[in-house]
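Only one structure is covered here, and it is reproduced in the block below.
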Amino acid sequence: MSPATPLPAAAAHPGLSLEIQVLRGLAVCMTFIAHFPGVYPQFAAIQDGHFWTGVDLFLTISGYVIAKSFFPQMAGAKDRADQLLLALAFWMRRAYRLLPASLFWAFLLLCAAWGFNRSAAFGVPAGVLHEFMAVLLYAKNIAAAYGPSYSLGLYWSLSLEEQFYFVLPLAMIYLPGLLKPVVFLPLIILFTLFPDALGKHHHLFRFESFLFGIWIYHLRQSRYARMFEPTFLASAAARWAFCAFLLFVIVVGINGLNGFPGGRFYIMVATGALVLAASYNQGYIPSAGLGGRAMVWLGDRSYSVYVCHMPALLLVYEAVFRVFGIYGNQAFWEHAALAVALSWVVTLLLSHFSYRVLEQPWQRRGRAKAQQYLEAQRLA
């Protein structure tokens, strides 16, 4: 397919390009790799690469996708009352989309901490219970800033997303000036160049990643969109070199620059460049072939993979611990390959179950409920 020919949207996410799904797949793979050493310390060398930046890629994608779907709706509202109705419908869709799967797997981790935790891999049961309460309050990132994290540590980013989704419609209704690109772009640059300005827990409150995704949406709607289109990526060699270089910057090239002003800025520019290229839906992000299809498959299920991968990692660890009688790290390397392979397989199986049984059905139900609510309120 020629890069100049628009790609079909991913079936599971109407209106989104396959390339956005590829980026979601890459982001969730990076996140899985980043969390692996937390369960298997023998792989601590992985932490030399900043795979945690997969979260930044996720958040930038989320900002762009939400702006692309929600901003036109708000722009078409008749008045403030209609905007509030749209906001309520938006929150309803988000709740149905996010909460069933996330709470199901959070509750499973809580139960495992109390009843399937001979290796103590799931953490201190009472601590996991406190984490679970923070998850219910959409405040895990706040709790993580002031206390230890156990098996529910990854929920900090989901709490951040939920906070963003709650604040965004209110800002659009009551403080629309704050969402103008000319206003928040300097803030994005400031907070990425000097993250310490937001305090030592800034990494748990990365709203600038969402804002950068929104800025990309505004850019795509502006008269400058054609100017920023990376048409040089028409060549397959250029596309692969472009993606490889940006992933290098995100994961490896930034290594050692944590104390250098601008380290976070480089990450943001690289993730933003990937999302911007994907937004044109012209084949600028490779999505063909077996690897591309695998990334699209993962991208479709990226949310389920995210909420399932920690249960999978810990369940496999506990199972290997029980079957082979491994205590602590003793003789781990005899079964390392088995643990790695099983972790991936169990993650994929659990995520596919979550996607088909929890994520998709509840998402469809949420869309239907939100539409029914809007129609009923507008007729009232």
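Naming works like this for the structure tokens: A, B, ... for the chains as they're shown, residue 1 at the start of each chain, ligands 1 onward in shown order.
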| task | Give me the residues within 12 Å of Ile189 in chain A as a list in words, counting only C-alpha atoms and dropping any in the same chain fewer than 5 places off. | result |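 Using only C-alpha atoms, the neighbours found are Pro181, Val182, Val183, Phe184, Phe194, Pro195, Ala197, Glu208, Ser209, Leu211, Phe212, Trp215, Pro261, Gly262, Gly263, Arg264, Phe265, Tyr266, Ile267, Met268 and Val269 of chain A.
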| task | Would you please extract all helix (DSSP H, G or I) residues from range 50-292 of chain A, as assigned by DSSP on the backbone, and give them as a PyMOL selection string? | result | chain A and resi 51-75+80-115+125-136+140-146+155-174+176-179+181-193+195-198+202-204+207-221+225-228+231-234+236-253+263-279+289-292
| said: as a VMD selection string, please: the residues near range 270-286 of chain A (cut-off 8 Å, only C-alpha atoms, same-chain neighbours under 2 positions excluded). | reply: chain A and resid 2 to 7 17 to 20 22 to 23 56 to 57 60 to 61 212 to 213 216 220 229 to 230 233 to 234 239 to 240 243 246 to 247 249 to 250 266 to 268 288 292
Expected file contents, prior selection, N, CA and C atoms, as a compact mmCIF listing (two decimals), in the first residue's frame:
# COMPACT_ATOMS: atom_id res chain seq x y z
N SER A 2 0.58 2.16 -0.81
CA SER A 2 1.37 3.39 -0.91
C SER A 2 1.19 4.24 0.34
N PRO A 3 2.27 4.88 0.82
CA PRO A 3 2.14 5.76 1.99
C PRO A 3 1.18 6.90 1.76
N ALA A 4 0.90 7.22 0.51
CA ALA A 4 -0.03 8.32 0.22
C ALA A 4 -1.47 7.87 0.30
N THR A 5 -1.69 6.54 0.46
CA THR A 5 -3.05 6.02 0.54
C THR A 5 -3.46 5.87 1.99
N PRO A 6 -4.53 6.52 2.44
CA PRO A 6 -4.93 6.41 3.84
C PRO A 6 -5.19 4.97 4.23
N LEU A 7 -4.74 4.61 5.42
CA LEU A 7 -4.97 3.26 5.93
C LEU A 7 -6.36 3.18 6.55
N SER A 17 -6.35 5.44 13.49
CA SER A 17 -5.54 4.79 12.47
C SER A 17 -4.84 3.57 13.04
N LEU A 18 -4.47 2.68 12.13
CA LEU A 18 -3.68 1.53 12.54
C LEU A 18 -2.37 1.97 13.16
N GLU A 19 -1.85 3.08 12.70
CA GLU A 19 -0.57 3.56 13.21
C GLU A 19 -0.64 3.97 14.68
N ILE A 20 -1.75 4.57 15.08
CA ILE A 20 -1.95 4.88 16.50
C ILE A 20 -1.98 3.59 17.31
N VAL A 22 -0.45 0.82 16.50
CA VAL A 22 0.93 0.33 16.56
C VAL A 22 1.67 1.01 17.72
N LEU A 23 1.49 2.32 17.85
CA LEU A 23 2.16 3.04 18.94
C LEU A 23 1.66 2.57 20.30
N ASP A 56 4.72 7.69 29.01
CA ASP A 56 4.65 9.00 28.36
C ASP A 56 4.02 8.88 26.97
N LEU A 57 4.40 7.84 26.24
CA LEU A 57 3.81 7.61 24.92
C LEU A 57 2.32 7.34 25.04
N THR A 60 0.47 10.69 25.89
CA THR A 60 0.41 11.59 24.75
C THR A 60 -0.64 11.11 23.75
N ILE A 61 -0.67 9.80 23.51
CA ILE A 61 -1.70 9.22 22.63
C ILE A 61 -3.08 9.50 23.19
N PHE A 212 0.32 17.71 25.67
CA PHE A 212 1.06 17.65 24.42
C PHE A 212 0.24 16.91 23.36
N GLY A 213 -0.49 15.86 23.78
CA GLY A 213 -1.38 15.18 22.85
C GLY A 213 -2.47 16.11 22.34
N ILE A 216 -1.04 18.46 19.78
CA ILE A 216 -0.92 17.81 18.48
C ILE A 216 -2.26 17.81 17.75
N ARG A 220 -3.02 19.63 14.16
CA ARG A 220 -3.60 18.91 13.02
C ARG A 220 -4.83 19.61 12.46
N GLU A 229 3.59 17.94 8.16
CA GLU A 229 3.44 16.54 7.72
C GLU A 229 4.80 15.99 7.30
N PRO A 230 5.20 14.84 7.86
CA PRO A 230 6.54 14.29 7.56
C PRO A 230 6.53 13.50 6.24
N LEU A 233 8.86 10.65 5.01
CA LEU A 233 8.70 9.26 5.43
C LEU A 233 8.01 8.41 4.37
N ALA A 234 7.85 8.95 3.16
CA ALA A 234 7.26 8.17 2.07
C ALA A 234 8.13 6.97 1.74
N ARG A 239 11.09 5.64 6.96
CA ARG A 239 10.12 5.34 8.04
C ARG A 239 10.78 4.53 9.14
N TRP A 240 11.49 3.47 8.76
CA TRP A 240 12.11 2.61 9.76
C TRP A 240 13.21 3.35 10.51
N CYS A 243 11.52 5.85 13.02
CA CYS A 243 10.96 5.19 14.22
C CYS A 243 12.07 4.64 15.10
N LEU A 246 13.78 7.57 17.01
CA LEU A 246 12.96 8.14 18.08
C LEU A 246 12.84 7.16 19.25
N LEU A 247 12.69 5.87 18.95
CA LEU A 247 12.63 4.88 20.04
C LEU A 247 13.96 4.81 20.77
N VAL A 249 15.97 7.37 21.21
CA VAL A 249 15.97 8.55 22.08
C VAL A 249 15.12 8.31 23.31
N ILE A 250 13.96 7.70 23.10
CA ILE A 250 13.03 7.48 24.21
C ILE A 250 13.57 6.48 25.21
N TYR A 266 13.43 15.92 25.70
CA TYR A 266 13.74 15.05 24.57
C TYR A 266 12.73 13.91 24.45
N ILE A 267 12.35 13.37 25.58
CA ILE A 267 11.36 12.28 25.58
C ILE A 267 10.05 12.78 25.01
N MET A 268 9.62 13.96 25.45
CA MET A 268 8.34 14.50 24.99
C MET A 268 8.38 14.77 23.49
N ALA A 288 2.54 -2.68 8.53
CA ALA A 288 2.30 -3.83 7.68
C ALA A 288 3.18 -5.00 8.14
N GLY A 292 3.93 -5.60 12.22
CA GLY A 292 2.93 -4.53 12.27
C GLY A 292 1.59 -5.04 12.75
| message | Set the distance at 10 Å and use only C-alpha atoms: which residues neighbour Phe104 in chain A once local chain neighbours fewer than 5 positions away are removed? I'd like the list as an MDAnalysis selection string. | response | chainID A and resid 99 109:110 307:308 354 358
Just-selected residues, N, CA and C atoms written as a compact mmCIF listing (two decimals), in the first residue's frame:
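Okay, again_8.txt is ready:
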# COMPACT_ATOMS: atom_id res chain seq x y z
N LEU A 99 -13.40 1.32 34.11
CA LEU A 99 -13.52 0.78 35.46
C LEU A 99 -13.75 -0.72 35.55
N LEU A 109 -5.81 -8.98 42.33
CA LEU A 109 -4.53 -8.80 43.01
C LEU A 109 -4.70 -8.70 44.52
N LEU A 110 -5.75 -8.03 44.95
CA LEU A 110 -6.03 -7.94 46.38
C LEU A 110 -6.27 -9.32 46.97
N VAL A 307 -3.60 -3.58 32.33
CA VAL A 307 -4.15 -3.95 33.64
C VAL A 307 -3.92 -5.43 33.95
N CYS A 308 -3.57 -6.25 32.94
CA CYS A 308 -3.38 -7.69 33.16
C CYS A 308 -1.93 -8.08 33.35
N SER A 354 -9.78 -10.41 29.07
CA SER A 354 -10.25 -9.12 29.59
C SER A 354 -10.85 -8.27 28.49
N LEU A 358 -14.59 -8.21 29.37
CA LEU A 358 -14.78 -7.04 30.23
C LEU A 358 -14.74 -5.73 29.45
Using 9 Å as the limit and counting only C-alpha atoms, can you tabulate each residue of range 55-108 of chain A that touches range 163-168 of chain A, with its shortest atom-to-atom distance in Å and the two atoms involved, as a tab-separated table?
residue	atom	partner	partner_atom	distance
A:Ile66	CA	A:Tyr165	CA	8.7
A:Ala87	CA	A:Phe166	CA	8.8
A:Phe90	CA	A:Tyr165	CA	8.5
A:Trp91	CA	A:Phe166	CA	7.0
A:Arg94	CA	A:Tyr165	CA	7.8
Would you save the residues from that selection as a JSON list (two decimals), in the first residue's frame, using N, CA and C atoms?
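After the write, selection06.json holds the following:
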[["chain", "number", "residue", "atom", "x", "y", "z"],
["A", 66, "ILE", "N", -8.43, 11.62, 22.86],
["A", 66, "ILE", "CA", -9.58, 12.21, 23.55],
["A", 66, "ILE", "C", -9.94, 13.55, 22.92],
["A", 87, "ALA", "N", -20.49, 16.61, 28.86],
["A", 87, "ALA", "CA", -19.49, 16.21, 29.85],
["A", 87, "ALA", "C", -19.94, 15.00, 30.64],
["A", 90, "PHE", "N", -19.70, 12.02, 28.51],
["A", 90, "PHE", "CA", -18.28, 11.66, 28.38],
["A", 90, "PHE", "C", -17.81, 10.89, 29.59],
["A", 91, "TRP", "N", -18.11, 11.37, 30.80],
["A", 91, "TRP", "CA", -17.71, 10.66, 32.02],
["A", 91, "TRP", "C", -18.34, 9.28, 32.09],
["A", 94, "ARG", "N", -16.40, 7.01, 29.76],
["A", 94, "ARG", "CA", -15.09, 6.71, 30.33],
["A", 94, "ARG", "C", -15.20, 5.69, 31.47]]
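In terms of minimum interatomic distance to Val252 in chain A, A:Met30 ranks closest within A:Ala380, A:Ala294, A:Ile214, A:Met30, counting only C-alpha atoms.
Among the candidates A:Trp105, A:Trp114, A:Trp362, A:Tyr64, the residue lying nearest to His218 in chain A is A:Tyr64 (atoms considered: only C-alpha atoms).
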| query | For Ala67 in chain A, which residue among A:Leu84, A:Val320, A:Leu129, A:Met172 is the nearest when counting only C-alpha atoms? | reply | A:Met172
| task | Go through A:Glu359, A:Glu375, A:Asp79, A:Glu161 and flag the residue nearest Ser304 in chain A, using only C-alpha atoms for the distances. | result |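 The answer is A:Glu359, which sits nearest to Ser304 in chain A.
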| Within 12 Å of Ala144 in chain A, counting only C-alpha atoms, which residues qualify if same-chain residues fewer than 3 places away don't, as a PyMOL selection string? | chain A and resi 127-128+130-132+134-135+138-141+147-157+159-160+201-205
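Distance-wise, CA of Leu179 in chain A and CA of Gln83 in chain A end up 15.6 Å apart.
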| request: Considering only C-alpha atoms, state which residue in the set A:Leu338, A:Met92, A:Val124, A:Val305 is at the smallest distance from Lys369 in chain A. | output: A:Met92
